[in-house]
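Trainee: Have a look at this one before I ask anything.
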Amino acid sequence: MQVNVAGVALWGPGLPGWEASRATLSGLSPVTEQREPLPVPALLGPAERRRTSPVVRLALHLAERASLAAGIPCGAISAVFATSNGEGALLGALLEVLARDNTPISPTQFHNSVHNAAAGYWTIATRSRAPFTCLACHDASAAAALLQSAAQIVTGGESVLCVCYDLPLSAPLDAKRPVLEPFGFALVLAPPGSSQPRALRVRYAPEPAEEAMWLPQSLALQPLARGNPAARGLRILELLAGGNAGRARLPMLDGSVDVEVTPCSTAPRS
Amino acid sequence: MKPVAITAYTLVSALGGTKAATLAALRSGQSGLTRCDFAGVNHGYIGRVAGVETHALPPPLACFDCRNNRLADMALHSNGFADAVDAARVRLGDARIAVVVGTSTSGILSAEEAFRRRDPVTGALPAAFNFTETHETYSLPRYVRAALNLRGPALSVAAACASAAKAIAHARELINAGVCDAAVAGGADSLCRMTLRGFASLELVSPAPCRPCAADRAGLSIGEAAGFLLLQRGAGDIALLGAGSSSDGHHMSAPQPDGAGAASAMNNALTDAGLKPSAIDYIHLHGTGTKANDEAEDAAVVTVFGKATACASSKGGTGHTLGAAGVVGAVIAALSIRHGMMPGCFGLDRPDARLRGNILTRTVDAPVRRVMTNAFGFGGVNCSLLFGAA
């Protein structure tokens with residue numbers, strides 16, 4: 001399956017946005033130790049910012065930036081959201097309450113705890129009727145998102161916004177599922193033939209992927225790639241940032257999703 | 001988009017674990033709902049599957065043991081489903097069959113139990129609690145894939161109560177995109193404190209067995225179910241003809257009152273299948289039994305189909321099986337087409353006069369060519385599937 005890359009966004013420790021991180025991702029400047037506060041999407045008003053969780057705000061920020069980069073109005077196209085932990089911190093808080101009988105749980109926390117909360121708030125904030133889906137595939141979440149997005153594009157012929165993100169869990173769940181740092185990225189992917197200079201060829205391969213096939217080239221980014229499921233997309237982002245051809249093979253259980261970044265002369269615009 | 005054939009299907013719900021039992025309950029209107037007595041919750045009624053507590057997973061897969069995977073395993077080994085997948089695996093190859101399943105809470109009951117056994121000093125969860133193989137959403141497709149000896153792509157969809165419906169739609173996309181030749185698609189959701197107490201907190205749980213489309217309906221009853229379809233490229237007597245999705249873009253847990261988002265999903269499914277509304281014989285409603293859902297869905301149905309198309313909800317029999325609701329609808333659609341019947345609502349004497357659609361109070365024997373089934377979820381996610389011969 002071939003799809004074109006129409007817009008990119010990312011956010012992570014030392015990676016405060018696509019344009020600001022291009023030099024770092026292409027190996028031209030070192031990864032900084034600087035930690036920015038989690039981003040806030042511009043499309044949320046102050047009240048909505050308070051109502052939404054950090055996970056939702058990160059996902060909406062990425063969705064908004066990738067849409068802007070592709071020149072597409074927010075909420076105009078179908079979306080594939082993918083996250084391993086989803087609203088894991090909120091689920092942890094609810095599990096604390098559920099451990100006590102006869103203690104009421106918060107109805108707002110309950111409806112905000114669904115895995116597709118970010119996707120729901122994205123369509124509410126953008127008043128969108130465009131469909132979304134939400135995947136939850138542990139360490140294969142980014143691989144699954146790319147596979148599903150590509151399948152939707154080649155069968156439906158329309159662009160898809162693909163958003164991958166994960167935040168650390170809180171205690172005591174974090175000991176069971178360590179996610180070290182927040183990270184997310186978003187791609188606007190378009191049908192082949194649209195006028196974009198960069199493309200991904202995506203396929204499922206029934207062979208496993210060793211670490212060397214998906215870790216980023218940058219040694220400094222490798223702990224992040226190992227420590228956050230969404231950061232398994234970093235090798236692909238490196239290739240896009242440097243304008244290089246190459247391949248990343250993301251593990252999906254004992255198989256993998258093979259992503260080939262095709263040759264291109266310039267990297268995607270911001 | 002091209003239809004895909006449904007070559008096998010299975011469902012385990014409060015109505016029973018075999019097609020014959022489900023069919024008999026749909027014909028008789030005998031509900032599977034019982035008074036709630038689950039995990040310390042005593043409010044309302046539930047659609048509980050008998051035998052989950054004593055069902056054992058195969059020993060090599062014991063690490064996946066939790067209520068949700070037990071329920072899934074019961075469905076895999078009912079109705080000849082695992083044998084049908086095995087035959088397809090031999091013919092097509094294990095890497096050419098995908099697993100695409102939906103769940104909203106997966107094995108969260110295991111996490112609930114673990115939180116009751118935290119270390120009093122450190123607060124740590126018990127070492128025996130296997131987060132990744134039970135609580136996590138990806139546990140379900142991993143279990144199904146391992147139990148069926150498959151090596152194709154595995155996806156889990158977590159889009160609240162539209163999860164299984166979306167999973168079935170995505171399985172067809174993967175087949176039509178050439179990623180795989182067949183797919184095991186569906187989902188499972190099982191009883192847990194999170195949903196029983198969560199829906200109670202929203203004041204959406206009916207004190208009596210839920211009665212969707214009744215004038216005095218007072219909310220939903222939670223149920224559990226697991227169901228799967230074997231989807232294969234090509235034509236068949238029963239096929240997935242179309243799928244349509246949309247978002248409400250309105251509210252996290254309340255449907256858009258005019259049903260515009262739901263209507264959009266139904267229209268998208270018709271467009272996808274290249275069919276006019278008049279080609280649909282029966283609509284299996286999402287029909288949860290809450291005031292707001294049934295009203296909004298009725299408005300959407302009348303907008304798209306007019307007032308004549310027969311429709312009903314099965315949730316008075318199964319309860320609202322949440323993330324599995326989409327596959328409950330898919331299997332009931334397949335049974336309706338195969339056996340020539342349009343199931344009526346359970347326990348309904350007279351539909352709410354404010355609802356304008358043609359709501360069936362009794363099961364009607366009639367040839368059924370095409371069925372639409374709806375699934376809507378929190379976050380304003382809507383998904384309609386269309387089944388018939390292709």
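To be explicit about the labels: the chains of the structure tokens are called A, B, and onward in the order shown, and within each one the residues are counted from 1, while ligands get numbers from 1 in the order they are shown.
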Give me, as a Markdown table, the closest atom pair and its distance (Å, one decimal) for every residue of chain B within a cut-off of 8 Å of chain A, counting only C-alpha atoms, rows sorted by chain and rising number.

Mentor:
| residue | atom | partner | partner_atom | distance |
| --- | --- | --- | --- | --- |
| B:Met1 | CA | A:Thr155 | CA | 7.0 |
| B:Gly40 | CA | A:Asp101 | CA | 7.0 |
| B:Ala95 | CA | A:Pro206 | CA | 5.9 |
| B:Ser104 | CA | A:Val114 | CA | 7.3 |
| B:Ala111 | CA | A:Leu95 | CA | 7.5 |
| B:Glu112 | CA | A:Leu95 | CA | 6.1 |
| B:Glu113 | CA | A:Ala99 | CA | 7.6 |
| B:Phe115 | CA | A:Ala99 | CA | 5.8 |
| B:Arg116 | CA | A:Ala99 | CA | 5.2 |
| B:Gly123 | CA | A:Pro172 | CA | 6.8 |
| B:Ala124 | CA | A:Pro172 | CA | 5.6 |
| B:Leu125 | CA | A:Pro172 | CA | 6.4 |
| B:Asn130 | CA | A:Lys176 | CA | 7.9 |
| B:Phe131 | CA | A:Lys176 | CA | 6.2 |
| B:Thr132 | CA | A:Arg177 | CA | 7.6 |
| B:Glu136 | CA | A:His138 | CA | 7.6 |
| B:Thr137 | CA | A:Ala136 | CA | 6.0 |
| B:Tyr138 | CA | A:Cys137 | CA | 4.8 |
| B:Arg151 | CA | A:Pro206 | CA | 6.5 |
| B:Gly152 | CA | A:Pro206 | CA | 6.6 |
| B:Pro153 | CA | A:Tyr204 | CA | 6.8 |
| B:Ala154 | CA | A:Met252 | CA | 7.5 |
| B:Leu155 | CA | A:Cys137 | CA | 6.3 |
| B:Ser156 | CA | A:Ala136 | CA | 5.6 |
| B:Val157 | CA | A:Leu135 | CA | 4.5 |
| B:Ala158 | CA | A:Cys134 | CA | 5.5 |
| B:Ala159 | CA | A:Asn116 | CA | 5.3 |
| B:Ala160 | CA | A:Val114 | CA | 6.3 |
| B:Lys166 | CA | A:Thr133 | CA | 7.2 |
| B:His170 | CA | A:Gln148 | CA | 7.4 |
| B:Glu173 | CA | A:Ala151 | CA | 5.9 |
| B:Leu174 | CA | A:Ala151 | CA | 5.7 |
| B:Asn176 | CA | A:Thr155 | CA | 6.6 |
| B:Ala177 | CA | A:Ala151 | CA | 5.4 |
| B:Val179 | CA | A:Tyr204 | CA | 6.5 |
| B:Arg193 | CA | A:Leu98 | CA | 6.8 |
| B:Met194 | CA | A:Leu98 | CA | 7.1 |
| B:Arg197 | CA | A:Ile105 | CA | 7.1 |
| B:Gly198 | CA | A:Phe110 | CA | 5.7 |
| B:Phe199 | CA | A:Pro107 | CA | 7.7 |
| B:Ser201 | CA | A:Pro107 | CA | 5.1 |
| B:Leu202 | CA | A:Pro107 | CA | 5.1 |
| B:Ser245 | CA | A:Pro131 | CA | 5.3 |
| B:Ser246 | CA | A:Pro131 | CA | 4.1 |
| B:Ser247 | CA | A:Arg129 | CA | 4.4 |
| B:Asp248 | CA | A:Arg129 | CA | 5.8 |
| B:Gly249 | CA | A:Ile124 | CA | 3.9 |
| B:His250 | CA | A:Ile124 | CA | 5.3 |
| B:His251 | CA | A:Ile124 | CA | 6.5 |
| B:Met252 | CA | A:Gly120 | CA | 6.5 |
| B:Ser253 | CA | A:His111 | CA | 6.3 |
| B:Gly261 | CA | A:Arg129 | CA | 6.6 |
| B:Phe378 | CA | A:His111 | CA | 6.9 |
| B:Gly379 | CA | A:Gly120 | CA | 3.9 |
| B:Gly380 | CA | A:Gly120 | CA | 6.2 |
| B:Val381 | CA | A:Phe132 | CA | 7.3 |
| B:Asn382 | CA | A:Pro131 | CA | 7.9 |

Trainee: If we count only C-alpha atoms, what is near Gly223 in chain B at a cut-off of 10 Å, once residues fewer than 5 positions away on the same chain are taken out, given as a CSV table (one decimal) with all heavy atoms, in the first residue's frame?

Mentor:
chain,number,residue,atom,x,y,z
B,13,SER,N,-23.8,-15.0,24.5
B,13,SER,CA,-24.4,-13.8,25.2
B,13,SER,C,-25.3,-14.4,26.3
B,13,SER,O,-25.4,-15.6,26.4
B,13,SER,CB,-25.2,-12.9,24.3
B,13,SER,OG,-26.4,-13.5,24.0
B,14,ALA,N,-26.0,-13.5,27.0
B,14,ALA,CA,-27.0,-14.0,28.0
B,14,ALA,C,-28.1,-14.8,27.3
B,14,ALA,O,-28.8,-15.5,28.1
B,14,ALA,CB,-27.6,-12.8,28.7
B,32,GLY,N,-32.6,-12.8,28.6
B,32,GLY,CA,-31.6,-13.4,29.4
B,32,GLY,C,-31.2,-12.6,30.6
B,32,GLY,O,-30.2,-12.9,31.3
B,33,LEU,N,-31.9,-11.5,30.8
B,33,LEU,CA,-31.5,-10.6,31.9
B,33,LEU,C,-31.9,-11.1,33.3
B,33,LEU,O,-33.0,-11.7,33.4
B,33,LEU,CB,-32.2,-9.2,31.7
B,33,LEU,CG,-31.8,-8.4,30.4
B,33,LEU,CD1,-32.5,-7.1,30.4
B,33,LEU,CD2,-30.3,-8.2,30.4
B,34,THR,N,-31.0,-10.9,34.2
B,34,THR,CA,-31.3,-11.4,35.6
B,34,THR,C,-30.9,-10.2,36.6
B,34,THR,O,-30.2,-9.3,36.2
B,34,THR,CB,-30.5,-12.6,36.0
B,34,THR,OG1,-29.1,-12.3,35.7
B,34,THR,CG2,-30.9,-13.8,35.2
B,45,TYR,N,-30.4,-4.8,36.5
B,45,TYR,CA,-30.3,-6.2,35.9
B,45,TYR,C,-29.1,-6.3,35.0
B,45,TYR,O,-28.6,-5.3,34.5
B,45,TYR,CB,-31.6,-6.5,35.2
B,45,TYR,CG,-32.8,-6.8,36.1
B,45,TYR,CD1,-33.3,-5.9,36.9
B,45,TYR,CD2,-33.2,-8.1,36.1
B,45,TYR,CE1,-34.4,-6.2,37.8
B,45,TYR,CE2,-34.3,-8.5,37.0
B,45,TYR,CZ,-34.8,-7.5,37.8
B,45,TYR,OH,-35.9,-7.8,38.7
B,46,ILE,N,-28.7,-7.5,34.8
B,46,ILE,CA,-27.5,-7.7,33.9
B,46,ILE,C,-27.8,-8.9,33.0
B,46,ILE,O,-28.5,-9.8,33.3
B,46,ILE,CB,-26.2,-8.0,34.7
B,46,ILE,CG1,-26.4,-9.2,35.7
B,46,ILE,CG2,-25.7,-6.8,35.4
B,46,ILE,CD1,-25.2,-9.6,36.5
B,47,GLY,N,-27.1,-8.9,31.8
B,47,GLY,CA,-27.1,-10.0,30.9
B,47,GLY,C,-25.8,-10.8,31.1
B,47,GLY,O,-24.8,-10.5,30.5
B,48,ARG,N,-25.9,-11.8,32.0
B,48,ARG,CA,-24.7,-12.5,32.4
B,48,ARG,C,-24.6,-13.8,31.6
B,48,ARG,O,-25.6,-14.5,31.5
B,48,ARG,CB,-24.7,-12.7,33.9
B,48,ARG,CG,-23.5,-13.4,34.5
B,48,ARG,CD,-23.7,-13.5,36.0
B,48,ARG,NE,-22.5,-13.9,36.7
B,48,ARG,CZ,-22.3,-13.7,38.0
B,48,ARG,NH1,-23.2,-13.1,38.7
B,48,ARG,NH2,-21.1,-14.0,38.5
B,49,VAL,N,-23.4,-14.2,31.2
B,49,VAL,CA,-23.2,-15.5,30.5
B,49,VAL,C,-22.9,-16.5,31.5
B,49,VAL,O,-22.0,-16.4,32.4
B,49,VAL,CB,-22.1,-15.3,29.5
B,49,VAL,CG1,-21.7,-16.7,28.9
B,49,VAL,CG2,-22.5,-14.4,28.4
B,189,ASP,N,-16.8,-8.1,25.4
B,189,ASP,CA,-16.8,-7.2,26.6
B,189,ASP,C,-17.5,-8.0,27.7
B,189,ASP,O,-18.5,-8.7,27.5
B,189,ASP,CB,-17.5,-5.9,26.4
B,189,ASP,CG,-16.5,-4.7,26.4
B,189,ASP,OD1,-15.4,-4.9,27.0
B,189,ASP,OD2,-16.8,-3.7,25.8
B,190,SER,N,-16.9,-7.9,28.9
B,190,SER,CA,-17.4,-8.7,30.0
B,190,SER,C,-17.8,-7.8,31.2
B,190,SER,O,-17.3,-6.7,31.3
B,190,SER,CB,-16.3,-9.7,30.4
B,190,SER,OG,-15.1,-9.1,30.4
B,191,LEU,N,-18.6,-8.4,32.1
B,191,LEU,CA,-19.0,-7.7,33.3
B,191,LEU,C,-17.8,-7.2,34.1
B,191,LEU,O,-16.9,-8.0,34.3
B,191,LEU,CB,-20.0,-8.5,34.1
B,191,LEU,CG,-21.3,-8.9,33.4
B,191,LEU,CD1,-22.1,-9.9,34.2
B,191,LEU,CD2,-22.1,-7.6,33.1
B,192,CYS,N,-17.9,-6.0,34.7
B,192,CYS,CA,-16.9,-5.5,35.6
B,192,CYS,C,-17.5,-4.4,36.4
B,192,CYS,O,-18.5,-3.8,36.0
B,192,CYS,CB,-15.7,-5.0,34.8
B,192,CYS,SG,-16.1,-3.8,33.5
B,195,THR,N,-17.9,-0.7,34.4
B,195,THR,CA,-19.1,-0.3,33.6
B,195,THR,C,-20.4,-0.4,34.5
B,195,THR,O,-21.2,0.5,34.3
B,195,THR,CB,-19.2,-1.2,32.4
B,195,THR,OG1,-19.1,-2.6,32.8
B,195,THR,CG2,-18.1,-0.9,31.4
B,196,LEU,N,-20.5,-1.3,35.4
B,196,LEU,CA,-21.7,-1.4,36.2
B,196,LEU,C,-21.8,-0.2,37.1
B,196,LEU,O,-22.9,0.5,37.1
B,196,LEU,CB,-21.7,-2.7,37.1
B,196,LEU,CG,-21.8,-4.0,36.4
B,196,LEU,CD1,-21.5,-5.2,37.3
B,196,LEU,CD2,-23.2,-4.1,35.8
B,315,LYS,N,-31.5,-5.5,22.9
B,315,LYS,CA,-30.8,-5.3,24.2
B,315,LYS,C,-31.7,-5.7,25.4
B,315,LYS,O,-31.2,-5.9,26.5
B,315,LYS,CB,-30.3,-3.9,24.4
B,315,LYS,CG,-29.0,-3.7,23.5
B,315,LYS,CD,-28.4,-2.4,23.7
B,315,LYS,CE,-27.1,-2.3,22.9
B,315,LYS,NZ,-27.2,-2.4,21.4
B,316,GLY,N,-33.0,-5.7,25.2
B,316,GLY,CA,-33.9,-6.3,26.3
B,316,GLY,C,-33.6,-7.7,26.6
B,316,GLY,O,-34.0,-8.2,27.6
B,317,GLY,N,-33.0,-8.4,25.6
B,317,GLY,CA,-32.6,-9.8,25.8
B,317,GLY,C,-31.2,-10.0,26.3
B,317,GLY,O,-30.9,-10.9,27.2
B,318,THR,N,-30.3,-9.3,25.7
B,318,THR,CA,-28.9,-9.5,26.0
B,318,THR,C,-28.3,-8.5,27.0
B,318,THR,O,-27.2,-8.8,27.5
B,318,THR,CB,-28.0,-9.3,24.7
B,318,THR,OG1,-28.2,-8.0,24.2
B,318,THR,CG2,-28.4,-10.3,23.6
B,319,GLY,N,-29.0,-7.4,27.2
B,319,GLY,CA,-28.4,-6.3,27.9
B,319,GLY,C,-27.5,-5.5,26.9
B,319,GLY,O,-27.3,-6.0,25.7
B,320,HIS,N,-27.0,-4.4,27.3
B,320,HIS,CA,-26.1,-3.6,26.4
B,320,HIS,C,-24.7,-4.2,26.6
B,320,HIS,O,-24.1,-4.0,27.7
B,320,HIS,CB,-26.1,-2.1,26.8
B,320,HIS,CG,-25.3,-1.3,25.9
B,320,HIS,ND1,-24.5,-1.8,24.8
B,320,HIS,CD2,-25.2,0.1,25.8
B,320,HIS,CE1,-24.0,-0.8,24.2
B,320,HIS,NE2,-24.3,0.4,24.8
B,321,THR,N,-24.2,-4.9,25.6
B,321,THR,CA,-22.9,-5.6,25.7
B,321,THR,C,-21.7,-4.7,25.3
B,321,THR,O,-20.6,-5.1,25.1
B,321,THR,CB,-22.9,-6.8,24.9
B,321,THR,OG1,-23.1,-6.5,23.5
B,321,THR,CG2,-24.0,-7.8,25.3
B,322,LEU,N,-22.0,-3.4,25.3
B,322,LEU,CA,-20.9,-2.3,25.2
B,322,LEU,C,-20.0,-2.6,24.0
B,322,LEU,O,-20.5,-2.6,22.8
B,322,LEU,CB,-20.2,-2.2,26.5
B,322,LEU,CG,-21.1,-2.0,27.7
B,322,LEU,CD1,-20.3,-2.0,29.0
B,322,LEU,CD2,-21.9,-0.8,27.6
B,324,ALA,N,-18.9,-5.1,22.6
B,324,ALA,CA,-19.3,-6.2,21.8
B,324,ALA,C,-20.6,-6.0,21.1
B,324,ALA,O,-21.0,-6.9,20.3
B,324,ALA,CB,-19.4,-7.5,22.7
B,325,ALA,N,-21.3,-4.9,21.3
B,325,ALA,CA,-22.7,-4.7,20.8
B,325,ALA,C,-22.7,-4.8,19.3
B,325,ALA,O,-23.6,-5.4,18.7
B,325,ALA,CB,-23.2,-3.3,21.2

Trainee: Could you pull the residues within 12 Å of Tyr9 in chain B, counting only C-alpha atoms, minus those fewer than 4 positions along the same chain, as a JSON list (two decimals) with N, CA, C and O atoms, in the first residue's frame?

Mentor:
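out04.json, freshly written:
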[["chain", "number", "residue", "atom", "x", "y", "z"],
["B", 5, "ALA", "N", -17.47, -11.95, 2.18],
["B", 5, "ALA", "CA", -18.38, -13.01, 2.63],
["B", 5, "ALA", "C", -18.17, -13.31, 4.10],
["B", 5, "ALA", "O", -17.05, -13.21, 4.62],
["B", 17, "GLY", "N", -25.16, -19.81, 24.24],
["B", 17, "GLY", "CA", -23.86, -19.93, 23.58],
["B", 17, "GLY", "C", -23.91, -20.57, 22.22],
["B", 17, "GLY", "O", -22.90, -20.70, 21.55],
["B", 18, "THR", "N", -25.11, -20.99, 21.78],
["B", 18, "THR", "CA", -25.22, -21.60, 20.45],
["B", 18, "THR", "C", -26.16, -20.77, 19.60],
["B", 18, "THR", "O", -26.99, -20.01, 20.12],
["B", 19, "LYS", "N", -26.02, -20.93, 18.27],
["B", 19, "LYS", "CA", -26.94, -20.23, 17.37],
["B", 19, "LYS", "C", -28.38, -20.66, 17.66],
["B", 19, "LYS", "O", -29.29, -19.84, 17.63],
["B", 75, "ALA", "N", -16.73, -18.30, 22.93],
["B", 75, "ALA", "CA", -17.31, -18.00, 21.61],
["B", 75, "ALA", "C", -16.51, -18.69, 20.50],
["B", 75, "ALA", "O", -17.08, -19.22, 19.56],
["B", 76, "LEU", "N", -15.19, -18.68, 20.62],
["B", 76, "LEU", "CA", -14.35, -19.31, 19.58],
["B", 76, "LEU", "C", -14.69, -20.79, 19.44],
["B", 76, "LEU", "O", -14.66, -21.34, 18.34],
["B", 77, "HIS", "N", -14.98, -21.42, 20.58],
["B", 77, "HIS", "CA", -15.20, -22.87, 20.55],
["B", 77, "HIS", "C", -16.68, -23.25, 20.54],
["B", 77, "HIS", "O", -17.04, -24.38, 20.84],
["B", 78, "SER", "N", -17.53, -22.29, 20.20],
["B", 78, "SER", "CA", -18.95, -22.59, 20.00],
["B", 78, "SER", "C", -19.25, -22.50, 18.50],
["B", 78, "SER", "O", -18.50, -21.85, 17.75],
["B", 79, "ASN", "N", -20.32, -23.13, 18.10],
["B", 79, "ASN", "CA", -20.86, -22.96, 16.74],
["B", 79, "ASN", "C", -19.88, -23.36, 15.64],
["B", 79, "ASN", "O", -19.95, -22.85, 14.52],
["B", 80, "GLY", "N", -18.93, -24.23, 15.95],
["B", 80, "GLY", "CA", -17.98, -24.72, 14.94],
["B", 80, "GLY", "C", -17.04, -23.65, 14.42],
["B", 80, "GLY", "O", -16.43, -23.80, 13.36],
["B", 81, "PHE", "N", -16.91, -22.54, 15.18],
["B", 81, "PHE", "CA", -16.16, -21.40, 14.64],
["B", 81, "PHE", "C", -14.67, -21.69, 14.52],
["B", 81, "PHE", "O", -14.07, -21.46, 13.46],
["B", 82, "ALA", "N", -14.06, -22.21, 15.58],
["B", 82, "ALA", "CA", -12.61, -22.47, 15.54],
["B", 82, "ALA", "C", -12.28, -23.46, 14.42],
["B", 82, "ALA", "O", -11.25, -23.30, 13.74],
["B", 83, "ASP", "N", -13.13, -24.45, 14.19],
["B", 83, "ASP", "CA", -12.89, -25.41, 13.10],
["B", 83, "ASP", "C", -12.94, -24.73, 11.74],
["B", 83, "ASP", "O", -12.13, -25.04, 10.85],
["B", 84, "ALA", "N", -13.88, -23.81, 11.58],
["B", 84, "ALA", "CA", -13.99, -23.09, 10.31],
["B", 84, "ALA", "C", -12.74, -22.23, 10.07],
["B", 84, "ALA", "O", -12.23, -22.15, 8.95],
["B", 85, "VAL", "N", -12.25, -21.60, 11.14],
["B", 85, "VAL", "CA", -11.03, -20.78, 11.00],
["B", 85, "VAL", "C", -9.85, -21.69, 10.67],
["B", 85, "VAL", "O", -8.99, -21.35, 9.84],
["B", 183, "ALA", "N", -10.32, -12.56, 7.70],
["B", 183, "ALA", "CA", -10.13, -11.94, 9.03],
["B", 183, "ALA", "C", -11.13, -12.52, 10.02],
["B", 183, "ALA", "O", -12.28, -12.80, 9.66],
["B", 184, "VAL", "N", -10.65, -12.71, 11.24],
["B", 184, "VAL", "CA", -11.53, -13.00, 12.37],
["B", 184, "VAL", "C", -11.86, -11.64, 12.98],
["B", 184, "VAL", "O", -10.97, -10.93, 13.46],
["B", 185, "ALA", "N", -13.14, -11.26, 12.90],
["B", 185, "ALA", "CA", -13.53, -9.91, 13.33],
["B", 185, "ALA", "C", -14.70, -9.99, 14.29],
["B", 185, "ALA", "O", -15.57, -10.85, 14.14],
["B", 186, "GLY", "N", -14.72, -9.10, 15.25],
["B", 186, "GLY", "CA", -15.81, -9.08, 16.22],
["B", 186, "GLY", "C", -15.36, -8.42, 17.49],
["B", 186, "GLY", "O", -14.72, -7.36, 17.44],
["B", 187, "GLY", "N", -15.65, -9.05, 18.63],
["B", 187, "GLY", "CA", -15.22, -8.43, 19.87],
["B", 187, "GLY", "C", -15.77, -9.13, 21.09],
["B", 187, "GLY", "O", -16.54, -10.09, 21.00],
["B", 226, "ALA", "N", -19.40, -12.20, 23.71],
["B", 226, "ALA", "CA", -18.28, -12.29, 22.78],
["B", 226, "ALA", "C", -18.82, -12.88, 21.50],
["B", 226, "ALA", "O", -19.66, -13.79, 21.53],
["B", 227, "GLY", "N", -18.37, -12.37, 20.39],
["B", 227, "GLY", "CA", -18.81, -12.90, 19.11],
["B", 227, "GLY", "C", -17.78, -12.62, 18.03],
["B", 227, "GLY", "O", -17.02, -11.65, 18.13],
["B", 228, "PHE", "N", -17.74, -13.49, 17.04],
["B", 228, "PHE", "CA", -16.76, -13.34, 15.96],
["B", 228, "PHE", "C", -17.38, -13.75, 14.63],
["B", 228, "PHE", "O", -18.23, -14.64, 14.57],
["B", 229, "LEU", "N", -16.91, -13.09, 13.58],
["B", 229, "LEU", "CA", -17.25, -13.46, 12.21],
["B", 229, "LEU", "C", -15.97, -13.89, 11.52],
["B", 229, "LEU", "O", -14.90, -13.31, 11.79],
["B", 230, "LEU", "N", -16.05, -14.86, 10.63],
["B", 230, "LEU", "CA", -14.94, -15.14, 9.73],
["B", 230, "LEU", "C", -15.27, -14.48, 8.40],
["B", 230, "LEU", "O", -16.22, -14.88, 7.72],
["B", 231, "LEU", "N", -14.54, -13.42, 8.09],
["B", 231, "LEU", "CA", -14.75, -12.68, 6.85],
["B", 231, "LEU", "C", -13.74, -13.15, 5.82],
["B", 231, "LEU", "O", -12.55, -13.28, 6.14],
["B", 232, "GLN", "N", -14.22, -13.41, 4.60],
["B", 232, "GLN", "CA", -13.30, -13.85, 3.55],
["B", 232, "GLN", "C", -13.59, -13.10, 2.26],
["B", 232, "GLN", "O", -14.74, -12.75, 1.97],
["B", 238, "ILE", "N", -24.33, -14.77, 2.93],
["B", 238, "ILE", "CA", -24.36, -13.69, 3.91],
["B", 238, "ILE", "C", -23.03, -12.97, 3.81],
["B", 238, "ILE", "O", -21.96, -13.58, 3.94],
["B", 239, "ALA", "N", -23.10, -11.67, 3.53],
["B", 239, "ALA", "CA", -21.88, -10.90, 3.33],
["B", 239, "ALA", "C", -22.01, -9.55, 4.02],
["B", 239, "ALA", "O", -23.13, -9.09, 4.28],
["B", 327, "VAL", "N", -20.97, -6.78, 17.28],
["B", 327, "VAL", "CA", -20.95, -8.16, 16.78],
["B", 327, "VAL", "C", -22.22, -8.89, 17.20],
["B", 327, "VAL", "O", -22.68, -9.80, 16.49],
["B", 328, "VAL", "N", -22.84, -8.49, 18.30],
["B", 328, "VAL", "CA", -24.17, -9.04, 18.63],
["B", 328, "VAL", "C", -25.14, -8.69, 17.49],
["B", 328, "VAL", "O", -25.86, -9.56, 16.98],
["B", 329, "GLY", "N", -25.09, -7.44, 17.06],
["B", 329, "GLY", "CA", -25.94, -7.00, 15.94],
["B", 329, "GLY", "C", -25.62, -7.75, 14.66],
["B", 329, "GLY", "O", -26.53, -8.15, 13.92],
["B", 330, "ALA", "N", -24.33, -7.97, 14.39],
["B", 330, "ALA", "CA", -23.92, -8.65, 13.16],
["B", 330, "ALA", "C", -24.42, -10.10, 13.15],
["B", 330, "ALA", "O", -24.92, -10.58, 12.13],
["B", 331, "VAL", "N", -24.31, -10.78, 14.28],
["B", 331, "VAL", "CA", -24.74, -12.19, 14.33],
["B", 331, "VAL", "C", -26.27, -12.27, 14.25],
["B", 331, "VAL", "O", -26.81, -13.14, 13.56],
["B", 332, "ILE", "N", -26.96, -11.35, 14.91],
["B", 332, "ILE", "CA", -28.43, -11.35, 14.79],
["B", 332, "ILE", "C", -28.84, -11.04, 13.35],
["B", 332, "ILE", "O", -29.78, -11.65, 12.82],
["B", 333, "ALA", "N", -28.12, -10.17, 12.68],
["B", 333, "ALA", "CA", -28.40, -9.89, 11.27],
["B", 333, "ALA", "C", -28.22, -11.16, 10.44],
["B", 333, "ALA", "O", -29.07, -11.49, 9.60],
["B", 334, "ALA", "N", -27.13, -11.89, 10.68],
["B", 334, "ALA", "CA", -26.87, -13.12, 9.92],
["B", 334, "ALA", "C", -27.97, -14.16, 10.19],
["B", 334, "ALA", "O", -28.46, -14.80, 9.25],
["B", 335, "LEU", "N", -28.36, -14.29, 11.45],
["B", 335, "LEU", "CA", -29.42, -15.26, 11.79],
["B", 335, "LEU", "C", -30.75, -14.86, 11.16],
["B", 335, "LEU", "O", -31.52, -15.71, 10.69],
["B", 338, "ARG", "N", -30.53, -15.74, 7.45],
["B", 338, "ARG", "CA", -30.45, -17.20, 7.26],
["B", 338, "ARG", "C", -31.80, -17.87, 7.58],
["B", 338, "ARG", "O", -32.19, -18.81, 6.90]]

Trainee: Which one is closest to Arg198 in chain A: A:Leu169, A:Ala89, A:Leu25, A:Val8? Count only C-alpha atoms.

Mentor: A:Val8

Trainee: Among range 6-189 of chain B, which ones does DSSP assign to strand (DSSP E or B) (computed from the backbone)? Answer as a ChimeraX atom specification.

Mentor: /B:6-13,16,34-35,38,41,45-47,97-102,154-157,182-189
